[in-house]
Protein chains: 4
Amino acid sequence: MTETTPGWLAEDELELVRARMPILYVEAVPVRVADSGEVTSVGLLLRIGPDGNVSRTLVSGRVLHHERVRDALLRHLEKDLGPVALPRVPASLQPFTVAEYFPTQGVTPYHDPRQHAVSLAYIVPVAGDCQPRQDALDLVWFSPEDAVSAAMQNEMPGGHGALLKQALAHAGLGL
Amino acid sequence: MTETTPGWLAEDELELVRARMPILYVEAVPVRVADSGEVTSVGLLLRIGPDGNVSRTLVSGRVLHHERVRDALLRHLEKDLGPVALPRVPASLQPFTVAEYFPTQGVTPYHDPRQHAVSLAYIVPVAGDCQPRQDALDLVWFSPEDAVSAAMQNEMPGGHGALLKQALAHAGLGL
Amino acid sequence: MTETTPGWLAEDELELVRARMPILYVEAVPVRVADSGEVTSVGLLLRIGPDGNVSRTLVSGRVLHHERVRDALLRHLEKDLGPVALPRVPASLQPFTVAEYFPTQGVTPYHDPRQHAVSLAYIVPVAGDCQPRQDALDLVWFSPEDAVSAAMQNEMPGGHGALLKQALAHAGLGL
Amino acid sequence: MTETTPGWLAEDELELVRARMPILYVEAVPVRVADSGEVTSVGLLLRIGPDGNVSRTLVSGRVLHHERVRDALLRHLEKDLGPVALPRVPASLQPFTVAEYFPTQGVTPYHDPRQHAVSLAYIVPVAGDCQPRQDALDLVWFSPEDAVSAAMQNEMPGGHGALLKQALAHAGLGL
């Protein structure tokens, strides 16, 4: 499920808007890269849901009114990975894909029961130390192979597993 | 100025939402292409504003709640170019750029006094006959060189001239 | 194995060059699309190797001296799919990936025992009738799901199965 | 003119190959970026030709036999910018464009009298100190606006000025 940060809209206003129009999100796949740019590992956030279920998620969140996409990306990276993660926000806003989360299952590979969210997705190399904050318990680094394993995909609901695969395909990994 | 189609939200609701969050748009640059895919001409819609000013615009409009980006793109292409334009909506949703229209000038190259709009921009080859509908007077085809001329750029306010240049740069034209 | 068309270099010259430098290729994933651009099926060429082995391949071939990439793409599409396939060569030369085939296994996901080939890969919607020519026996259309099945991947050696997955990931299919 | 590094092929072999097939290049536009990824300046190499003419160039060079594109990119960045430039080679090999340099003028926006070169072009953020080596006199940083000025474009022959404009368009700068 796509992560959200309430607070900038009153909760009832947010509910109203969510029922009326698509909500713009950004999503980042944190990666470690070699000097040659090759992806060597993928960072997944570990979360425990209210029901006690473990899930793995990517960095994700809304774009606010009057906020640039690249500033939203940086804000959510800092929020989820801490202040010294040193994320390298891309120079170009061209995303590797646009993920469309529908409240109805099956329209696209992505699903969010709360809302229709449209997410601009980026691969973001991270050079520093990551200290997950907010509601994430931990950030764990996986090899690209492990990150797309069936076990891990099962822990990434709502289509985030598919999105991760798309990111690694875009990075040229034939998995 | 980015074109909008009211009607799916009550006007006062739309005003409320516009003041609170970014609105998701799609934008298409209609082009004629050769068999080898090379762009041979660019289609610009001619509009007359309420003040009598002539402007040239691209195909543009909102993404509705529970509507896929590619369906929104097709709907706006049919709305602006007519039913027999035969647009070739791209197989991939990766846009050539993401244009961010701010109500404040100077934050990005794009400006929309009414709202903060975030627009996924695509080049769309069009094979059929175009019959502009709605509030456009005409669709005129220009050579890529003419489309980026200073005269034409002056008729494309709000950063649409810059967006057109970006589209042609993406298509490999060194203009 | 990447398909080649000898003839424009004497065979011994080609061998010399292949031992000295990377050879530039283009590669196309032929697809059928809906009006909204969504990929509905994928076309794979069926070939029988000199050893009697069945393999499935994409459209592929060298870029010649003084030939534009888009002309090479169109030429190989016509060569492999016949004269009335009506391929829609993309308006932009930005490939969805660059596939690097090495004569040594394991350097990248791609392998070609004959040479170091660097291939610009594109998704190409095909609207007409396909009549495979040259050394292909048939062109068979598969659903995206079937095209990435384990059985099919086994029939696509040299990393072409991985390339096909990358193409479908780029097209937004979460497979 | 595209920069080349002789030495890995005997000069006469290189001449032979250049007359027979396209030569694969990589090209990098070195940029400084803000924390949010926004391009703040562009680095151009200053060269003096054998005829005393001043020219500005991008980082550029051939891909060698059995060399990965990303390793070639890193090698040429180190060669042209020195060992402590800290270039951030992109995680994805998808170039922002493919520039085709023809020995004949006018086929594409790019021209190289020596050869048919096909160049994969990338924007590369550079974080460290640049110390141009080889045949470059200096590396000078320009604002994006100055880098695309008419004066600078005149000093970038062979279509490199057009390529630079394409890079900045891809980075979302409406120039």
# chains A, B, ... in the order shown; residues from 1 in each chain; ligands from 1

$ closest_atom_pairs --of "chain C" --to "chain D" --cutoff "6 Å" --atoms "only C-alpha atoms" --output "JSON lines"
{"residue": "C:Arg20", "atom": "CA", "partner": "D:His65", "partner_atom": "CA", "distance": 5.7}
{"residue": "C:Met21", "atom": "CA", "partner": "D:His65", "partner_atom": "CA", "distance": 4.1}
{"residue": "C:Pro22", "atom": "CA", "partner": "D:His65", "partner_atom": "CA", "distance": 5.2}
{"residue": "C:Leu64", "atom": "CA", "partner": "D:Met21", "partner_atom": "CA", "distance": 5.8}
{"residue": "C:His65", "atom": "CA", "partner": "D:Met21", "partner_atom": "CA", "distance": 4.1}
{"residue": "C:Gln94", "atom": "CA", "partner": "D:Thr97", "partner_atom": "CA", "distance": 5.0}
{"residue": "C:Thr97", "atom": "CA", "partner": "D:Gln94", "partner_atom": "CA", "distance": 5.0}

$ select_by_dssp --residues "region 2-155 of chain A" --states "helix (DSSP H, G or I)" --output "MDAnalysis selection string"
chainID A and resid 11:18 69:81 144:147 150:154

$ write_last_selection --atoms "C-alpha atoms" --output "mmCIF file, in the first residue's frame"
data_model
loop_
_atom_site.group_PDB
_atom_site.id
_atom_site.type_symbol
_atom_site.label_atom_id
_atom_site.label_comp_id
_atom_site.auth_asym_id
_atom_site.auth_seq_id
_atom_site.Cartn_x
_atom_site.Cartn_y
_atom_site.Cartn_z
ATOM 1 C CA GLU A 11 -8.399 14.485 7.169
ATOM 2 C CA ASP A 12 -11.967 15.052 5.940
ATOM 3 C CA GLU A 13 -10.762 17.221 3.084
ATOM 4 C CA LEU A 14 -8.300 14.526 2.079
ATOM 5 C CA GLU A 15 -11.117 11.973 2.054
ATOM 6 C CA LEU A 16 -13.204 14.274 -0.120
ATOM 7 C CA VAL A 17 -10.392 14.819 -2.606
ATOM 8 C CA ARG A 18 -9.444 11.148 -2.722
ATOM 9 C CA VAL A 69 8.385 16.967 -7.904
ATOM 10 C CA ARG A 70 12.131 16.952 -7.181
ATOM 11 C CA ASP A 71 11.600 18.657 -3.821
ATOM 12 C CA ALA A 72 8.905 16.127 -2.909
ATOM 13 C CA LEU A 73 11.282 13.332 -3.858
ATOM 14 C CA LEU A 74 14.053 14.755 -1.681
ATOM 15 C CA ARG A 75 11.645 15.359 1.218
ATOM 16 C CA HIS A 76 10.338 11.791 1.212
ATOM 17 C CA LEU A 77 13.851 10.363 0.862
ATOM 18 C CA GLU A 78 14.968 12.346 3.911
ATOM 19 C CA LYS A 79 11.823 11.421 5.807
ATOM 20 C CA ASP A 80 12.219 7.683 5.125
ATOM 21 C CA LEU A 81 16.032 7.305 5.029
ATOM 22 C CA PRO A 144 18.983 -7.413 -6.916
ATOM 23 C CA GLU A 145 18.443 -11.171 -7.230
ATOM 24 C CA ASP A 146 17.120 -11.498 -3.670
ATOM 25 C CA ALA A 147 14.989 -8.381 -4.005
ATOM 26 C CA ALA A 150 9.244 -14.855 -4.818
ATOM 27 C CA ALA A 151 9.571 -14.622 -1.017
ATOM 28 C CA MET A 152 10.318 -10.913 -1.143
ATOM 29 C CA GLN A 153 7.662 -10.223 -3.778
ATOM 30 C CA ASN A 154 5.098 -11.720 -1.389
#

$ atom_distance --atom1 "CA of Trp141 (chain C)" --atom2 "CA of Pro109 (chain A)"
21.9 Å

$ residues_around --residues "region 161-168 of chain A" --least-positions-apart "4" --cutoff "6 Å" --atoms "only C-alpha atoms" --output "list in words"
Gln153, Met156 and Leu173 of chain A; Ala169 and Gly174 of chain C

$ write_last_selection --atoms "C-alpha atoms" --output "short mmCIF file (atom, residue, chain, number, x, y, z; two decimals), in the first residue's frame"
data_model
loop_
_atom_site.label_atom_id
_atom_site.label_comp_id
_atom_site.auth_asym_id
_atom_site.auth_seq_id
_atom_site.Cartn_x
_atom_site.Cartn_y
_atom_site.Cartn_z
CA GLN A 153 7.66 -10.22 -3.78
CA MET A 156 5.55 -6.25 -1.25
CA LEU A 173 19.48 -6.22 -14.85
CA ALA C 169 8.39 -3.84 -17.88
CA GLY C 174 3.86 -5.94 -14.03
#

$ atom_distance --atom1 "CA of Leu139 (chain C)" --atom2 "CA of Val26 (chain C)"
18.6 Å

$ closest_residue --among "C:Gly172, C:Pro132, C:Gly158, C:Gly43" --to "Arg114 (chain C)" --atoms "only C-alpha atoms"
C:Gly158

$ select_by_dssp --residues "region 33-171 of chain D" --states "strand (DSSP E or B)" --output "ChimeraX atom specification"
/D:33,39-48,54-57,59-62,87,97-102,110-111,117-126,138-142

$ closest_residue --among "B:Gly128, B:Pro113, B:Pro30, B:Gly106" --to "Leu86 (chain B)" --atoms "only C-alpha atoms"
B:Gly128

$ atom_distance --atom1 "CA of Val54 (chain C)" --atom2 "CA of Leu137 (chain C)"
10.1 Å

$ residues_around --residues "Val29 (chain B)" --least-positions-apart "5" --cutoff "6 Å" --atoms "only C-alpha atoms" --output "PyMOL selection string"
chain B and resi 58+123-124

$ write_last_selection --atoms "N, CA, C and O atoms" --output "PDB file, in the first residue's frame"
ATOM      1  N   LEU B  58      -1.007  22.897 -27.203  1.00  0.00           N
ATOM      2  CA  LEU B  58      -0.891  21.459 -27.408  1.00  0.00           C
ATOM      3  C   LEU B  58      -2.171  20.797 -26.903  1.00  0.00           C
ATOM      4  O   LEU B  58      -3.015  21.444 -26.286  1.00  0.00           O
ATOM      5  N   ILE B 123       4.892  12.611 -26.929  1.00  0.00           N
ATOM      6  CA  ILE B 123       4.823  12.860 -28.372  1.00  0.00           C
ATOM      7  C   ILE B 123       3.848  11.832 -28.940  1.00  0.00           C
ATOM      8  O   ILE B 123       4.017  10.631 -28.691  1.00  0.00           O
ATOM      9  N   VAL B 124       2.853  12.271 -29.687  1.00  0.00           N
ATOM     10  CA  VAL B 124       1.855  11.337 -30.218  1.00  0.00           C
ATOM     11  C   VAL B 124       1.735  11.491 -31.740  1.00  0.00           C
ATOM     12  O   VAL B 124       1.184  12.486 -32.229  1.00  0.00           O
TER      13      VAL B 124
END

$ residues_around --residues "Pro125 (chain B)" --least-positions-apart "4" --cutoff "9 Å" --atoms "only C-alpha atoms" --output "number ranges by chain"
B: 29-33, 37, 39, 86-90; C: 90-91

$ residues_around --residues "Thr57 (chain D)" --least-positions-apart "5" --cutoff "7 Å" --atoms "only C-alpha atoms" --output "list in words"
Leu44, Leu45, Leu46, Met156 and His160 of chain D
